[in-house]
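Notes follow once the structure below has been shown.
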Amino acid sequence: MATHRRHRKWLWTAGILLVLLVSAYLAVDRIVGTALHEVAGQVKGYRIDFGSVDVAPLRRILRIHDLEVHADSSLQDSLNADHFDFEADLVRLDDVDLWALISDGVLHVRRLQVDGPVMKHFFRSLKRSDADRDTTDVEAPAGMGLLRLDTLLIRNATLQTRQDSGGTRARVEDMDLFMGGLTVHVDEELALGIRSTRLHLAGIEAELEPFYTLTIDSLRMERPALRTLVQGLHLTPQVGPNDYGQHVDRQIERYQVDIDSLQLDGFGLVRYVRDGVLRADSVRMAGLVASIHRDKTIPLGDQPRKPLPSEALLALEKHLHIGLLRIDRGELHYHEKPPKGGSYGEVAFTDIAATATGIGNVPRDSLPDLVLTGDCRINGQGRAHLDLRLPMGPAQSPLVSEITLYELPATALNHLTNELVHIDAVEGTIHGVAMQLSGDDHAASGVVDIHYEDLKVALSHEVKHAGLLSAAANLVVRAHNMPDRPGYRNGPFRVVRDQHKSVFNYLWIGLRQGLLEVILPELAQKELKKKQEHRKRHHKQ
């Protein structure tokens with residue numbers, strides 16, 4: 001009997017202990033959930049909500065269901081540029097220090113994993129003063145000090161980003177992110193350390209004004225290798241070259257760009273956060289194909305001033321430094337429709353191999369010159385070499401350029417001259433053209449040397465009595481210009497830069513003026529200059 005009572009007593013004791021253990025085990029979910037809510041409430045600027053919390057205390061695992069992170073009204077209405085929204089059905093936290101969470105309100109996690117979240121990023125485009133641009137300190141979001149995390153894993157995420165004004169929208173169909181060795185120190189500033197990073201984005205699409213879509217097949221970024229590889233980048237206009245004038249209020253170019261691959265070495269997000277500089281040791285672009293259309297039947301309208309590339313770099317809102325930019329296997333096709341209508345004409349630059357150095361605007365005592373060198377084929381026949389040097393200074397800073405053309409048929413001159421004189425070269429051999437130009441943002445001077453033989457021309461069919469006048473034209477056009485023959489001359493020129501056109505147009509008109517100085521007699525040049533002045537006055541009216 002006594003033995004039976006002792007057994008019953010032990011059963012009651014074991015039952016009570018079991019009930020207590022089960023109650024404590026079940027209460028852990030509620031206690032941890034309460035602690036998480038307290039931690040979430042201390043993150044200023046964001047409202048963090050979630051559903052149930054599952055806790056495996058022995059395995060130190062938390063599962064948070066239906067997590068939602070939204071910027072509150074104070075952050076949305078502030079002048080800060082960026083804020084985020086985040087939604088996830090399930091978030092898993094491994095190796096959680098439950099005691100630190102419950103007693104100190106600090107979340108120590110070894111590994112945080114999120115599958116299939118929906119992330120939204122909102123930004124504003126703000127004009128900033130030079131003083132603002134020089135500041136590289138990054139402020140820590142309030143509440144960041146409550147988190148200690150070693151490894152972050154996000155898989156199969158979708159990401160949307162858009163400007164608050166609605167001007168720019170972008171979407172990423174699939175994003176995988178791994179960040180290991182995370183260290184976060186918060187004092188007056190945020191110090192972020194990451195041992196390794198792997199980021200993969202696929203199916204990137206962005207809508208750009210006025211009628212473009214930017215797509216990227218894939219983007220991969222790695223750290224510590226600091227290498228980013230972009231594959232399949234496409235800038236595609238949604239309207240055709242004959243219809244885009246219905247979508248713009250003035251005469252501008254229509255672009256289409258396709259790039260096979262773009263590799264950035266030395267670029268890292270952590271470096272950008274730490275230094276505030278978009279920095280890359282080298283950028284290599286392969287398989288660039290760009291097509292530009294300009295329809296001159298579109299009204300000219302108000303044309304904004306186009307600064308020289310060096311001036312444009314200095315005016316960028318963000319700090320930028322690229323050690324070397326290289327383009328391999330490039331193509332540029334320029335199409336232009338004449339003012340009176342008709343079909344587009346084309347000039348094709350293929351087999352482009354170019355490099356640029358000095359691309360940067362990081363404040364320092366002096367900036368290196370922006371230097372561009374390149375080689376290409378022109379219309380599949382002639383070849384060209386360009387050297388362009390632009391000091392990183394004010395508009396009055398000198399620019400220097402050399403252009404060399406060779407293996408050219410005489411018909412290559414038509415793209416330079418026919419708009420002005422309506423004369424086409426039909427026969428002849430051009431042995432070489434060399435131009436040297438120096439100037440600044442306002443005007444430039446230089447000289448063109450051209451060696452050619454047996455040049456014959458014909459007037460364009462739009463000119464009345466073209467056949468008869470072509471014979472007369474060949475009597476006045478210089479048929480030869482060789483250094484070993486009498487009458488050899490070069491073509492000095494002085495041109496004024498059109499502030500509404502690019503630096504390449506600047507080089508183009510200098511080359512054209514120098515060529516005409518050689519090919520045409522003085523009387524014809526005087527008549528041509530009168531015609532140009534008349535055009536300018538008519539344009540101003």
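Residue numbering restarts at 1 in every chain; chains get A, B, ... in the order shown in the structure tokens, and ligands count up from 1 in that same order.
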
Spatial neighbours of range 272-286 of chain A, 6 Å, only C-alpha atoms, chain gap at least 5 places, as an mmCIF file with N, CA, C and O atoms, in the first residue's frame:
```cif
data_model
loop_
_atom_site.group_PDB
_atom_site.id
_atom_site.type_symbol
_atom_site.label_atom_id
_atom_site.label_comp_id
_atom_site.auth_asym_id
_atom_site.auth_seq_id
_atom_site.Cartn_x
_atom_site.Cartn_y
_atom_site.Cartn_z
ATOM 1 N N THR A 136 30.917 62.211 -46.923
ATOM 2 C CA THR A 136 30.867 60.766 -47.167
ATOM 3 C C THR A 136 30.440 59.989 -45.921
ATOM 4 O O THR A 136 30.377 58.782 -45.948
ATOM 5 N N ASP A 260 26.951 42.993 -74.867
ATOM 6 C CA ASP A 260 27.040 41.572 -74.520
ATOM 7 C C ASP A 260 27.436 41.385 -73.062
ATOM 8 O O ASP A 260 26.797 40.625 -72.322
ATOM 9 N N SER A 261 28.514 42.055 -72.638
ATOM 10 C CA SER A 261 28.979 41.885 -71.260
ATOM 11 C C SER A 261 29.667 43.149 -70.784
ATOM 12 O O SER A 261 30.264 43.895 -71.563
ATOM 13 N N LEU A 262 29.569 43.360 -69.486
ATOM 14 C CA LEU A 262 30.170 44.513 -68.825
ATOM 15 C C LEU A 262 30.800 44.014 -67.529
ATOM 16 O O LEU A 262 30.097 43.485 -66.667
ATOM 17 N N GLN A 263 32.110 44.134 -67.400
ATOM 18 C CA GLN A 263 32.810 43.635 -66.225
ATOM 19 C C GLN A 263 33.451 44.785 -65.468
ATOM 20 O O GLN A 263 34.203 45.577 -66.034
ATOM 21 N N LEU A 264 33.144 44.870 -64.174
ATOM 22 C CA LEU A 264 33.711 45.893 -63.305
ATOM 23 C C LEU A 264 34.605 45.209 -62.286
ATOM 24 O O LEU A 264 34.149 44.331 -61.531
ATOM 25 N N ASP A 265 35.863 45.586 -62.242
ATOM 26 C CA ASP A 265 36.812 45.078 -61.253
ATOM 27 C C ASP A 265 37.133 46.189 -60.253
ATOM 28 O O ASP A 265 37.364 47.337 -60.633
ATOM 29 N N GLY A 266 37.150 45.804 -58.976
ATOM 30 C CA GLY A 266 37.455 46.780 -57.937
ATOM 31 C C GLY A 266 36.252 47.550 -57.453
ATOM 32 O O GLY A 266 36.391 48.486 -56.654
ATOM 33 N N PHE A 267 35.047 47.184 -57.894
ATOM 34 C CA PHE A 267 33.837 47.856 -57.432
ATOM 35 C C PHE A 267 33.170 47.004 -56.358
ATOM 36 O O PHE A 267 33.010 45.805 -56.511
ATOM 37 N N HIS A 319 29.957 61.110 -56.423
ATOM 38 C CA HIS A 319 31.389 61.008 -56.679
ATOM 39 C C HIS A 319 31.674 59.735 -57.471
ATOM 40 O O HIS A 319 31.096 58.676 -57.224
ATOM 41 N N LEU A 320 32.593 59.848 -58.423
ATOM 42 C CA LEU A 320 32.873 58.756 -59.353
ATOM 43 C C LEU A 320 34.364 58.666 -59.593
ATOM 44 O O LEU A 320 35.053 59.687 -59.702
ATOM 45 N N HIS A 321 34.867 57.431 -59.658
ATOM 46 C CA HIS A 321 36.274 57.225 -60.027
ATOM 47 C C HIS A 321 36.387 55.886 -60.743
ATOM 48 O O HIS A 321 36.100 54.830 -60.175
ATOM 49 N N ILE A 322 36.792 55.923 -62.031
ATOM 50 C CA ILE A 322 37.037 54.715 -62.816
ATOM 51 C C ILE A 322 38.462 54.794 -63.339
ATOM 52 O O ILE A 322 38.812 55.726 -64.070
ATOM 53 N N GLY A 323 39.288 53.834 -62.951
ATOM 54 C CA GLY A 323 40.686 53.861 -63.364
ATOM 55 C C GLY A 323 40.855 53.698 -64.862
ATOM 56 O O GLY A 323 41.601 54.429 -65.500
ATOM 57 N N LEU A 324 40.138 52.735 -65.450
ATOM 58 C CA LEU A 324 40.274 52.444 -66.880
ATOM 59 C C LEU A 324 38.938 51.967 -67.417
ATOM 60 O O LEU A 324 38.299 51.094 -66.834
ATOM 61 N N LEU A 325 38.518 52.561 -68.529
ATOM 62 C CA LEU A 325 37.345 52.090 -69.268
ATOM 63 C C LEU A 325 37.819 51.583 -70.619
ATOM 64 O O LEU A 325 38.508 52.300 -71.347
ATOM 65 N N ARG A 326 37.437 50.350 -70.948
ATOM 66 C CA ARG A 326 37.859 49.759 -72.217
ATOM 67 C C ARG A 326 36.647 49.213 -72.953
ATOM 68 O O ARG A 326 35.788 48.547 -72.351
ATOM 69 N N ILE A 327 36.582 49.485 -74.261
ATOM 70 C CA ILE A 327 35.510 48.982 -75.122
ATOM 71 C C ILE A 327 36.135 48.104 -76.196
ATOM 72 O O ILE A 327 37.056 48.536 -76.899
ATOM 73 N N ASP A 328 35.651 46.879 -76.322
ATOM 74 C CA ASP A 328 36.106 45.951 -77.355
ATOM 75 C C ASP A 328 34.920 45.518 -78.202
ATOM 76 O O ASP A 328 33.808 45.342 -77.702
ATOM 77 N N ARG A 329 35.192 45.337 -79.491
ATOM 78 C CA ARG A 329 34.172 44.867 -80.440
ATOM 79 C C ARG A 329 32.940 45.779 -80.434
ATOM 80 O O ARG A 329 31.799 45.334 -80.352
#
```

Residues within 9 Å of range 46-51 of chain A, please, as a count of residues only. Count only C-alpha atoms; anything in the same chain fewer than 4 positions from it doesn't count. 18

Polymer residues at most 9 Å from Asp150 in chain A, only C-alpha atoms, same-chain spacing of 2 or more positions, as a PyMOL selection string: chain A and resi 108-112+148+152+179-183+194

Could you turn the residues from that selection into a file that holds N, CA and C atoms, as a PDB file, in the first residue's frame?
```
ATOM      1  N   HIS A 108      20.952  38.784 -31.167  1.00  0.00           N
ATOM      2  CA  HIS A 108      22.202  38.185 -31.614  1.00  0.00           C
ATOM      3  C   HIS A 108      21.853  36.954 -32.437  1.00  0.00           C
ATOM      4  N   VAL A 109      22.208  36.963 -33.716  1.00  0.00           N
ATOM      5  CA  VAL A 109      21.844  35.891 -34.632  1.00  0.00           C
ATOM      6  C   VAL A 109      23.077  35.487 -35.423  1.00  0.00           C
ATOM      7  N   ARG A 110      23.299  34.202 -35.560  1.00  0.00           N
ATOM      8  CA  ARG A 110      24.409  33.757 -36.398  1.00  0.00           C
ATOM      9  C   ARG A 110      24.014  33.752 -37.863  1.00  0.00           C
ATOM     10  N   ARG A 111      22.782  33.352 -38.164  1.00  0.00           N
ATOM     11  CA  ARG A 111      22.365  33.218 -39.563  1.00  0.00           C
ATOM     12  C   ARG A 111      20.907  33.598 -39.698  1.00  0.00           C
ATOM     13  N   LEU A 112      20.631  34.485 -40.674  1.00  0.00           N
ATOM     14  CA  LEU A 112      19.261  34.906 -40.961  1.00  0.00           C
ATOM     15  C   LEU A 112      18.952  34.534 -42.397  1.00  0.00           C
ATOM     16  N   ARG A 148      22.855  42.034 -34.079  1.00  0.00           N
ATOM     17  CA  ARG A 148      24.163  41.433 -34.325  1.00  0.00           C
ATOM     18  C   ARG A 148      23.942  40.228 -35.235  1.00  0.00           C
ATOM     19  N   LEU A 152      23.780  36.536 -43.663  1.00  0.00           N
ATOM     20  CA  LEU A 152      22.466  36.875 -44.202  1.00  0.00           C
ATOM     21  C   LEU A 152      22.290  36.145 -45.524  1.00  0.00           C
ATOM     22  N   MET A 179      25.579  37.184 -47.655  1.00  0.00           N
ATOM     23  CA  MET A 179      26.556  38.067 -47.021  1.00  0.00           C
ATOM     24  C   MET A 179      27.072  37.360 -45.771  1.00  0.00           C
ATOM     25  N   GLY A 180      28.382  37.121 -45.734  1.00  0.00           N
ATOM     26  CA  GLY A 180      28.983  36.415 -44.613  1.00  0.00           C
ATOM     27  C   GLY A 180      29.997  37.270 -43.891  1.00  0.00           C
ATOM     28  N   GLY A 181      30.183  36.992 -42.600  1.00  0.00           N
ATOM     29  CA  GLY A 181      31.142  37.751 -41.805  1.00  0.00           C
ATOM     30  C   GLY A 181      30.709  39.180 -41.574  1.00  0.00           C
ATOM     31  N   LEU A 182      29.422  39.375 -41.314  1.00  0.00           N
ATOM     32  CA  LEU A 182      28.895  40.722 -41.091  1.00  0.00           C
ATOM     33  C   LEU A 182      29.314  41.247 -39.721  1.00  0.00           C
ATOM     34  N   THR A 183      29.786  42.477 -39.698  1.00  0.00           N
ATOM     35  CA  THR A 183      30.040  43.173 -38.431  1.00  0.00           C
ATOM     36  C   THR A 183      29.458  44.561 -38.544  1.00  0.00           C
ATOM     37  N   ILE A 194      31.993  43.425 -44.077  1.00  0.00           N
ATOM     38  CA  ILE A 194      31.486  42.196 -44.688  1.00  0.00           C
ATOM     39  C   ILE A 194      32.671  41.403 -45.206  1.00  0.00           C
TER      40      ILE A 194
END
```

Mind checking which residues fall within 6 Å of range 243-254 of chain A, counting only C-alpha atoms, ignoring those fewer than 5 positions away in the same chain, and posting them as a count of residues only? 7

Between CA of Glu517 in chain A and CA of Gly380 in chain A, what is the distance in Å, rounded to a tenth? 26.6 Å

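We find CA of Lys501 in chain A and CA of Gln436 in chain A to be spaced 20.1 Å apart.
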
Report as a PyMOL selection string: the residues of range 152-271 of chain A with a DSSP assignment of helix (DSSP H, G or I), based on the backbone of this structure. chain A and resi 244-247+269-271

Give me the residues within 10 Å of Val257 in chain A as a list in words, counting only C-alpha atoms and dropping any in the same chain fewer than 3 places off.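 So the residues in contact are Leu214, Leu233, His234, Leu235, Thr236, Pro237, Leu288, Val289, Ala290, Ser291, Ile292, Glu331 and Leu332 of chain A.
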
Could you turn the residues from that selection into a file that holds C-alpha atoms, as a tab-separated table (two decimals), in the first residue's frame?
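Heads up, here's the output in part-v7.tsv:
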```
chain	number	residue	atom	x	y	z
A	214	LEU	CA	16.37	49.05	-69.87
A	233	LEU	CA	22.32	44.83	-71.18
A	234	HIS	CA	19.77	46.38	-73.55
A	235	LEU	CA	18.43	49.93	-73.85
A	236	THR	CA	15.44	49.67	-76.18
A	237	PRO	CA	13.21	52.50	-77.44
A	288	LEU	CA	28.69	47.15	-77.73
A	289	VAL	CA	26.24	47.95	-80.54
A	290	ALA	CA	24.75	51.45	-80.43
A	291	SER	CA	22.36	52.97	-82.94
A	292	ILE	CA	21.53	56.70	-82.95
A	331	GLU	CA	29.82	49.41	-83.19
A	332	LEU	CA	28.18	52.82	-83.56
```

If we count only C-alpha atoms and set the cut-off at 7 Å, which residues sit around Val433 in chain A, ignoring sequence neighbours fewer than 2 positions away in its own chain? Please answer as a ChimeraX atom specification. /A:404-406,435,449-451
